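**Student:** target00.txt is reproduced below (compact mmCIF, C-alpha atoms).
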```
# COMPACT_ATOMS: atom_id res chain seq x y z
CA MET A 1 -30.47 -20.17 7.47
CA ALA A 2 -31.71 -18.06 10.33
CA TYR A 3 -31.11 -20.98 12.69
CA PHE A 4 -27.54 -21.25 11.43
CA MET A 5 -27.04 -17.56 12.20
CA LEU A 6 -28.46 -18.04 15.68
CA PHE A 7 -26.14 -21.00 16.21
CA LEU A 8 -23.17 -18.88 15.16
CA GLY A 9 -24.25 -16.11 17.50
CA LEU A 10 -24.58 -18.55 20.39
CA SER A 11 -21.19 -20.11 19.65
CA PHE A 12 -19.63 -16.65 19.63
CA VAL A 13 -20.96 -16.00 23.13
CA LEU A 14 -19.83 -19.43 24.33
CA GLY A 15 -16.33 -18.85 22.96
CA SER A 16 -16.16 -15.54 24.79
CA LEU A 17 -17.43 -17.26 27.95
CA ALA A 18 -14.66 -19.84 27.60
CA VAL A 19 -12.09 -17.05 27.67
CA ALA A 20 -13.77 -14.98 30.38
CA SER A 21 -14.08 -17.85 32.86
CA ASN A 22 -10.28 -17.62 33.18
CA PRO A 23 -9.12 -21.22 32.88
CA SER A 24 -5.44 -21.95 32.39
CA PRO A 25 -4.28 -19.93 29.33
CA TYR A 26 -3.77 -23.11 27.30
CA TYR A 27 -7.56 -23.56 27.34
CA GLY A 28 -8.43 -19.88 27.12
CA VAL A 29 -6.81 -19.61 23.69
CA VAL A 30 -9.09 -22.42 22.46
CA GLY A 31 -12.11 -20.31 23.31
CA LEU A 32 -10.63 -17.36 21.43
CA VAL A 33 -9.89 -19.49 18.35
CA VAL A 34 -13.44 -20.89 18.36
CA GLY A 35 -14.86 -17.39 18.78
CA SER A 36 -12.88 -15.95 15.87
CA VAL A 37 -13.68 -18.89 13.54
CA VAL A 38 -17.38 -18.57 14.34
CA GLY A 39 -17.18 -14.78 13.92
CA CYS A 40 -15.65 -15.25 10.46
CA GLY A 41 -18.45 -17.65 9.56
CA TRP A 42 -20.95 -15.07 10.79
CA LEU A 43 -19.48 -12.36 8.56
CA VAL A 44 -19.36 -14.69 5.54
CA SER A 45 -23.04 -15.54 6.06
CA LEU A 46 -23.83 -11.84 5.95
CA GLY A 47 -22.02 -11.50 2.64
CA VAL A 48 -18.92 -9.49 3.62
CA SER A 49 -16.25 -12.03 2.86
CA PHE A 50 -13.30 -9.63 2.68
CA VAL A 51 -13.48 -8.41 6.26
CA SER A 52 -13.95 -12.02 7.30
CA LEU A 53 -10.74 -13.03 5.55
CA VAL A 54 -8.93 -10.05 7.03
CA LEU A 55 -10.06 -11.23 10.47
CA PHE A 56 -8.91 -14.76 9.75
CA MET A 57 -5.46 -13.85 8.51
CA VAL A 58 -4.56 -10.89 10.71
CA TYR A 59 -6.32 -11.82 13.94
CA LEU A 60 -6.33 -15.61 13.95
CA GLY A 61 -3.24 -16.21 11.85
CA GLY A 62 -1.16 -13.33 13.17
CA MET A 63 -2.10 -12.18 16.61
CA LEU A 64 -3.47 -15.40 18.05
CA VAL A 65 -0.47 -17.40 16.85
CA VAL A 66 1.80 -15.00 18.71
CA PHE A 67 -0.43 -15.34 21.77
CA VAL A 68 -0.18 -19.11 21.61
CA TYR A 69 3.60 -18.85 21.53
CA SER A 70 3.54 -16.47 24.50
CA VAL A 71 1.33 -18.80 26.51
CA SER A 72 4.44 -20.93 26.93
CA LEU A 73 5.60 -18.30 29.44
CA ALA A 74 2.59 -19.06 31.62
CA ALA A 75 3.19 -22.67 32.61
CA ASP A 76 1.19 -24.23 35.44
CA PRO A 77 2.16 -27.53 37.02
CA PHE A 78 -1.56 -28.41 37.26
CA PRO A 79 -3.50 -26.48 34.60
CA GLU A 80 -7.15 -25.75 35.40
CA ALA A 81 -9.40 -26.77 32.54
CA TRP A 82 -13.10 -26.07 32.29
CA GLY A 83 -13.98 -29.01 34.52
CA ASP A 84 -12.26 -27.44 37.49
CA TRP A 85 -14.70 -26.21 40.12
CA ARG A 86 -13.23 -22.70 40.20
CA VAL A 87 -13.64 -22.21 36.46
CA VAL A 88 -17.16 -23.67 36.51
CA GLY A 89 -18.12 -21.31 39.31
CA TYR A 90 -16.81 -18.34 37.34
CA GLY A 91 -18.62 -19.45 34.21
CA MET A 92 -21.93 -19.89 36.01
CA GLY A 93 -21.56 -16.49 37.69
CA LEU A 94 -20.90 -14.78 34.36
CA VAL A 95 -23.88 -16.51 32.75
CA VAL A 96 -26.09 -15.34 35.64
CA VAL A 97 -24.86 -11.77 35.15
CA VAL A 98 -25.68 -11.82 31.42
CA VAL A 99 -29.11 -13.37 31.98
CA VAL A 100 -29.97 -10.82 34.66
CA GLY A 101 -28.85 -8.04 32.34
CA VAL A 102 -31.04 -9.29 29.51
CA VAL A 103 -34.08 -9.76 31.77
CA VAL A 104 -33.74 -6.36 33.42
CA GLY A 105 -33.14 -4.68 30.06
CA GLY A 106 -36.38 -6.10 28.79
CA PHE A 107 -37.11 -8.25 25.76
CA VAL A 108 -37.84 -5.43 23.33
CA GLU A 109 -38.78 -7.10 20.01
CA TRP A 110 -36.61 -10.09 20.78
CA TRP A 111 -38.15 -12.22 18.02
CA LYS A 112 -36.40 -10.20 15.32
CA VAL A 113 -33.07 -11.70 14.35
CA GLY A 114 -31.61 -8.40 13.23
CA ALA A 115 -29.42 -9.65 10.40
CA VAL A 116 -29.32 -7.98 7.01
CA THR A 117 -27.19 -9.31 4.19
CA VAL A 118 -25.54 -7.49 1.36
CA ASP A 119 -26.67 -10.04 -1.22
CA GLY A 120 -30.05 -8.52 -1.91
CA GLY A 121 -29.02 -5.24 -3.48
CA GLY A 122 -28.57 -6.42 -7.05
CA MET A 123 -25.63 -7.49 -9.15
CA PHE A 124 -22.43 -5.58 -8.64
CA ALA A 125 -18.95 -6.17 -9.95
CA VAL A 126 -17.40 -5.25 -6.60
CA ARG A 127 -18.92 -6.21 -3.23
CA LEU A 128 -19.64 -3.80 -0.42
CA ASP A 129 -16.60 -4.57 1.69
CA PHE A 130 -14.08 -4.70 -1.16
CA SER A 131 -15.00 -1.25 -2.36
CA GLY A 132 -15.22 0.01 1.21
CA VAL A 133 -11.73 -1.05 2.24
CA ALA A 134 -10.35 0.29 -1.05
CA VAL A 135 -11.25 3.75 0.34
CA PHE A 136 -8.30 3.15 2.67
CA TYR A 137 -5.94 3.89 -0.20
CA SER A 138 -7.79 6.80 -1.82
CA TRP A 139 -9.68 9.10 0.54
CA GLY A 140 -8.43 7.50 3.73
CA VAL A 141 -4.74 7.74 2.93
CA GLY A 142 -4.16 9.97 5.95
CA MET A 143 -5.39 7.26 8.33
CA PHE A 144 -3.41 4.72 6.33
CA LEU A 145 -0.21 6.63 7.02
CA VAL A 146 -1.13 7.13 10.67
CA ALA A 147 -1.82 3.41 11.10
CA GLY A 148 1.45 2.47 9.41
CA TRP A 149 3.36 4.92 11.58
CA GLY A 150 1.63 3.54 14.67
CA LEU A 151 2.65 -0.01 13.75
CA LEU A 152 6.25 1.11 13.22
CA LEU A 153 6.24 2.82 16.60
CA ALA A 154 4.82 -0.33 18.21
CA LEU A 155 7.91 -2.20 17.03
CA PHE A 156 10.16 0.24 18.85
CA VAL A 157 7.92 0.19 21.92
CA VAL A 158 8.28 -3.59 22.11
CA LEU A 159 12.03 -3.32 21.63
CA GLU A 160 12.36 -0.90 24.52
CA LEU A 161 10.06 -2.86 26.83
CA VAL A 162 11.98 -6.11 26.55
CA ARG A 163 15.45 -4.64 26.38
CA GLY A 164 16.27 -5.35 30.00
CA LEU A 165 19.86 -5.19 31.31
CA SER A 166 20.48 -2.07 33.38
CA ARG A 167 18.57 0.37 31.19
CA GLY A 168 15.22 -1.47 30.99
CA ALA A 169 11.94 0.07 32.08
CA ILE A 170 10.57 -2.86 34.07
CA ARG A 171 13.12 -4.32 36.42
CA ALA A 172 12.89 -5.46 40.01
CA VAL A 173 16.58 -5.11 40.81
CA MET B 1 -32.63 -5.92 21.34
CA ALA B 2 -32.16 -7.83 18.11
CA LEU B 3 -30.77 -11.28 18.81
CA MET B 4 -27.58 -10.96 16.82
CA HIS B 5 -26.78 -7.64 18.45
CA LEU B 6 -27.29 -9.33 21.81
CA SER B 7 -24.69 -11.88 20.78
CA PHE B 8 -21.70 -9.59 20.34
CA TYR B 9 -22.94 -7.27 23.07
CA SER B 10 -22.96 -10.04 25.67
CA ALA B 11 -19.63 -11.35 24.35
CA PHE B 12 -18.13 -7.91 25.00
CA ILE B 13 -19.66 -7.74 28.49
CA LEU B 14 -18.44 -11.24 29.35
CA SER B 15 -14.91 -10.45 28.20
CA SER B 16 -14.77 -7.19 30.13
CA LEU B 17 -16.01 -9.00 33.24
CA GLY B 18 -13.36 -11.65 32.68
CA LEU B 19 -10.78 -8.86 32.48
CA ALA B 20 -12.08 -7.28 35.70
CA PHE B 21 -12.20 -10.55 37.65
CA HIS B 22 -8.85 -11.87 36.49
CA ARG B 23 -7.27 -14.49 38.67
CA THR B 24 -3.77 -15.82 38.28
CA HIS B 25 -2.13 -15.10 34.97
CA LEU B 26 -1.47 -11.82 33.20
CA ILE B 27 -1.94 -13.53 29.85
CA SER B 28 -5.50 -14.51 30.80
CA ALA B 29 -6.29 -10.81 31.15
CA LEU B 30 -4.64 -10.15 27.77
CA LEU B 31 -6.75 -12.90 26.22
CA CYS B 32 -9.89 -11.24 27.59
CA LEU B 33 -8.74 -7.97 25.98
CA GLU B 34 -8.36 -9.80 22.67
CA SER B 35 -11.85 -11.19 23.02
CA MET B 36 -13.17 -7.66 23.55
CA MET B 37 -11.39 -6.57 20.40
CA LEU B 38 -12.91 -9.48 18.48
CA SER B 39 -16.45 -8.61 19.53
CA MET B 40 -15.84 -4.95 18.65
CA TYR B 41 -14.57 -6.03 15.21
CA ILE B 42 -17.75 -8.02 14.58
CA ALA B 43 -19.88 -5.12 15.77
CA LEU B 44 -18.07 -2.60 13.55
CA SER B 45 -18.35 -4.97 10.57
CA ILE B 46 -22.11 -5.35 10.98
CA TRP B 47 -22.64 -1.58 10.97
CA PRO B 48 -21.96 -0.99 7.22
CA ILE B 49 -23.99 -4.10 6.35
CA GLU B 50 -27.07 -2.86 8.15
CA ASN B 51 -26.79 0.66 6.79
CA GLN B 52 -25.72 -0.53 3.31
CA SER B 53 -22.94 2.05 3.27
CA THR B 54 -19.58 1.03 1.86
CA SER B 55 -17.17 3.51 3.34
CA PHE B 56 -17.70 2.40 6.94
CA THR B 57 -16.15 -0.95 6.07
CA LEU B 58 -12.85 0.78 6.75
CA MET B 59 -13.56 1.00 10.49
CA PRO B 60 -13.05 -2.66 11.50
CA VAL B 61 -9.82 -2.95 9.52
CA LEU B 62 -8.44 0.20 11.14
CA MET B 63 -9.53 -1.00 14.56
CA LEU B 64 -7.73 -4.29 13.96
CA THR B 65 -4.55 -2.40 13.10
CA PHE B 66 -4.52 -0.51 16.38
CA SER B 67 -5.54 -3.64 18.26
CA ALA B 68 -2.44 -5.34 16.87
CA CYS B 69 -0.30 -2.51 18.27
CA GLU B 70 -1.98 -2.87 21.66
CA ALA B 71 -1.57 -6.65 21.71
CA SER B 72 2.13 -6.35 20.91
CA ALA B 73 2.64 -3.87 23.74
CA GLY B 74 0.77 -6.14 26.15
CA LEU B 75 2.81 -9.18 25.16
CA ALA B 76 6.03 -7.20 25.52
CA MET B 77 5.01 -6.37 29.08
CA LEU B 78 4.23 -10.05 29.65
CA VAL B 79 7.71 -11.02 28.47
CA ALA B 80 9.30 -8.31 30.61
CA SER B 81 7.33 -9.48 33.65
CA THR B 82 8.38 -13.08 33.08
CA ARG B 83 12.02 -12.12 32.68
CA THR B 84 11.89 -10.11 35.90
CA HIS B 85 9.74 -12.22 38.20
CA GLY B 86 10.09 -15.64 36.62
CA SER B 87 6.36 -16.02 35.94
CA ASP B 88 3.44 -13.88 34.85
CA HIS B 89 1.47 -14.26 38.05
CA LEU B 90 -0.39 -11.09 38.88
CA HIS B 91 0.32 -11.22 42.61
CA ASN B 92 3.97 -10.55 41.78
CA LEU B 93 3.07 -7.07 40.49
CA ASN B 94 2.74 -5.56 43.97
CA LEU B 95 4.94 -2.47 43.95
CA LEU B 96 1.96 -0.21 44.60
CA GLN B 97 0.69 -2.30 47.50
CA CYS B 98 0.43 -0.43 50.76
```
Please, can you express the file's structure as structure tokens?
**Tutor:**
Amino acid sequence: MAYFMLFLGLSFVLGSLAVASNPSPYYGVVGLVVGSVVGCGWLVSLGVSFVSLVLFMVYLGGMLVVFVYSVSLAADPFPEAWGDWRVVGYGMGLVVVVVVGVVVGGFVEWWKVGAVTVDGGGMFAVRLDFSGVAVFYSWGVGMFLVAGWGLLLALFVVLELVRGLSRGAIRAV
Amino acid sequence: MALMHLSFYSAFILSSLGLAFHRTHLISALLCLESMMLSMYIALSIWPIENQSTSFTLMPVLMLTFSACEASAGLAMLVASTRTHGSDHLHNLNLLQC
């Protein structure tokens, strides 16, 4: 099971590398989808399934879907995939940076995996993350209202940014 | 550093470097921002697990809420840029160039 966790951790880094090496956005979104799926698997392996499902539905099913639609605005006649020499050079450079950072930082107790699960605490009717997020509606109701207000304001921000015509904020003419 | 912490830590560093060394498209930079948000979500989710404290589970959900606001603002700017310049190429955003 520890090897599965290590595989998920490595896949998470590889998904992030696929986005950071800046290929054409059609291929960058693939890296983000892989990274979020692997991240959800990681959280499920640790026992917190609710935050994993929240990530799946809100991030992958909400935000990334909108990003995939918006990628249609970024059309290249010849999209650069990960086999292109520019993208490969970027990827190798980023890997070198991370390796140098790890070596310079020092391998302090690197053999420890560092993963604790919530399954070993006994039998509970409600898991750790379910009861934790339920605090959002009881003691955290102030932040709940602030977050809802922020989301409502974001709608109006988007409306004003894309309004255009002669009263828009971003116009060249 | 524990290996799993190294995983989301290096994912965050890689995404921020990808944001700094962006190349052609604005949406590639926005995707790197989203990848940073994803690694921060994983990091904030692991915190209550390691400390076995329930109430900190609220943090990643709240962070995801504000990340959704930020992503919507970024995509609105992408749409505005495409409607103005015809593409989202970053070399078109040169008003501050000397």
**Student:** For CA of Tyr59 (chain A) and CA of Leu33 (chain B), determine how far apart the two atoms are, in Å to one decimal place.
**Tutor:** 12.9 Å
**Student:** Env of Leu32 (chain A): 9 Å cut, atoms = only C-alpha atoms, seq-sep filter 4 positions within chain, self excluded. Answer as a PyMOL selection string.
**Tutor:** (chain A and resi 15-16+18-19+28+36-37+60+64) or (chain B and resi 31-32+34-35+38)
**Student:** Only C-alpha atoms, please: the residues just picked out, written as a PDB file, in the frame of the given file.
**Tutor:**
```pdb
ATOM      1  CA  GLY A  15     -16.330 -18.850  22.960  1.00  0.00           C
ATOM      2  CA  SER A  16     -16.160 -15.540  24.790  1.00  0.00           C
ATOM      3  CA  ALA A  18     -14.660 -19.840  27.600  1.00  0.00           C
ATOM      4  CA  VAL A  19     -12.090 -17.050  27.670  1.00  0.00           C
ATOM      5  CA  GLY A  28      -8.430 -19.880  27.120  1.00  0.00           C
ATOM      6  CA  SER A  36     -12.880 -15.950  15.870  1.00  0.00           C
ATOM      7  CA  VAL A  37     -13.680 -18.890  13.540  1.00  0.00           C
ATOM      8  CA  LEU A  60      -6.330 -15.610  13.950  1.00  0.00           C
ATOM      9  CA  LEU A  64      -3.470 -15.400  18.050  1.00  0.00           C
TER      10      LEU A  64
ATOM     11  CA  LEU B  31      -6.750 -12.900  26.220  1.00  0.00           C
ATOM     12  CA  CYS B  32      -9.890 -11.240  27.590  1.00  0.00           C
ATOM     13  CA  GLU B  34      -8.360  -9.800  22.670  1.00  0.00           C
ATOM     14  CA  SER B  35     -11.850 -11.190  23.020  1.00  0.00           C
ATOM     15  CA  LEU B  38     -12.910  -9.480  18.480  1.00  0.00           C
TER      16      LEU B  38
END
```
**Student:** Using only C-alpha atoms, find the one residue out of A:Leu152, A:Leu128, A:Val44, A:Leu53 that sits nearest to Ser53 (chain B).
**Tutor:**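 Among the listed residues, the smallest separation from Ser53 (chain B) belongs to A:Leu128.
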**Student:** Hey, what's within 7 Å of Thr65 (chain B) if we count all atoms listed in the file and toss same-chain stuff fewer than 4 positions away? As an NGL selection string, please?
**Tutor:** (:A and (147)) or (:B and (61 or 69))
**Student:** Name the residues in contact with Leu155 (chain A) at a cut-off of 12 Å, using only C-alpha atoms, excluding same-chain residues fewer than 2 positions from it; report them as a short mmCIF file (atom, residue, chain, number, x, y, z; two decimals) with C-alpha atoms, keeping the file's coordinate frame.
**Tutor:**
```
data_model
loop_
_atom_site.label_atom_id
_atom_site.label_comp_id
_atom_site.auth_asym_id
_atom_site.auth_seq_id
_atom_site.Cartn_x
_atom_site.Cartn_y
_atom_site.Cartn_z
CA GLY A 148 1.45 2.47 9.41
CA TRP A 149 3.36 4.92 11.58
CA GLY A 150 1.63 3.54 14.67
CA LEU A 151 2.65 -0.01 13.75
CA LEU A 152 6.25 1.11 13.22
CA LEU A 153 6.24 2.82 16.60
CA VAL A 157 7.92 0.19 21.92
CA VAL A 158 8.28 -3.59 22.11
CA LEU A 159 12.03 -3.32 21.63
CA GLU A 160 12.36 -0.90 24.52
CA LEU A 161 10.06 -2.86 26.83
CA VAL A 162 11.98 -6.11 26.55
CA ALA B 68 -2.44 -5.34 16.87
CA CYS B 69 -0.30 -2.51 18.27
CA GLU B 70 -1.98 -2.87 21.66
CA ALA B 71 -1.57 -6.65 21.71
CA SER B 72 2.13 -6.35 20.91
CA ALA B 73 2.64 -3.87 23.74
CA LEU B 75 2.81 -9.18 25.16
CA ALA B 76 6.03 -7.20 25.52
#
```
**Student:** If you count all atoms listed in the file, which residues fall within 7 Å of Leu73 (chain A), apart from same-chain ones fewer than 3 positions away, as a VMD selection string?
**Tutor:** (chain A and resid 70) or (chain B and resid 82 87)
**Student:** With C-alpha atoms retained, could you export that selection as an mmCIF file, in the coordinates of the input?
**Tutor:**
```cif
data_model
loop_
_atom_site.group_PDB
_atom_site.id
_atom_site.type_symbol
_atom_site.label_atom_id
_atom_site.label_comp_id
_atom_site.auth_asym_id
_atom_site.auth_seq_id
_atom_site.Cartn_x
_atom_site.Cartn_y
_atom_site.Cartn_z
ATOM 1 C CA SER A 70 3.540 -16.470 24.500
ATOM 2 C CA THR B 82 8.380 -13.080 33.080
ATOM 3 C CA SER B 87 6.360 -16.020 35.940
#
```
**Student:** Could you list, as an MDAnalysis selection string, the residues of chain B having an atom within 6 Å of chain A when counting all atoms listed in the file?
**Tutor:** chainID B and resid 1:4 7 11 15 18 28 50 54:55 57:58 69 73 76 80 84
**Student:** Produce a file of the selected residues containing C-alpha atoms, as a compact mmCIF listing (two decimals), keeping the file's coordinate frame.
**Tutor:**
```txt
# COMPACT_ATOMS: atom_id res chain seq x y z
CA MET B 1 -32.63 -5.92 21.34
CA ALA B 2 -32.16 -7.83 18.11
CA LEU B 3 -30.77 -11.28 18.81
CA MET B 4 -27.58 -10.96 16.82
CA SER B 7 -24.69 -11.88 20.78
CA ALA B 11 -19.63 -11.35 24.35
CA SER B 15 -14.91 -10.45 28.20
CA GLY B 18 -13.36 -11.65 32.68
CA SER B 28 -5.50 -14.51 30.80
CA GLU B 50 -27.07 -2.86 8.15
CA THR B 54 -19.58 1.03 1.86
CA SER B 55 -17.17 3.51 3.34
CA THR B 57 -16.15 -0.95 6.07
CA LEU B 58 -12.85 0.78 6.75
CA CYS B 69 -0.30 -2.51 18.27
CA ALA B 73 2.64 -3.87 23.74
CA ALA B 76 6.03 -7.20 25.52
CA ALA B 80 9.30 -8.31 30.61
CA THR B 84 11.89 -10.11 35.90
```
**Student:** In Å, rounded to a single decimal, give me how far CA of Ser45 (chain B) is from CA of Tyr9 (chain B).
**Tutor:**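 Interatomic distance here is 13.5 Å.
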**Student:** Of the candidates A:Val126, A:Val88, A:Ser72, A:Val146, which one gets nearest to Asp88 (chain B) if we count all atoms listed in the file?
**Tutor:**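 Once distances to Asp88 (chain B) are computed over all atoms listed in the file, the minimum belongs to A:Ser72.
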**Student:** For CA of Arg86 (chain A) and CA of Ser16 (chain B), determine how far apart the two atoms are, in Å to one decimal place.
**Tutor:**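 Between CA of Arg86 (chain A) and CA of Ser16 (chain B) the gap is 18.6 Å.
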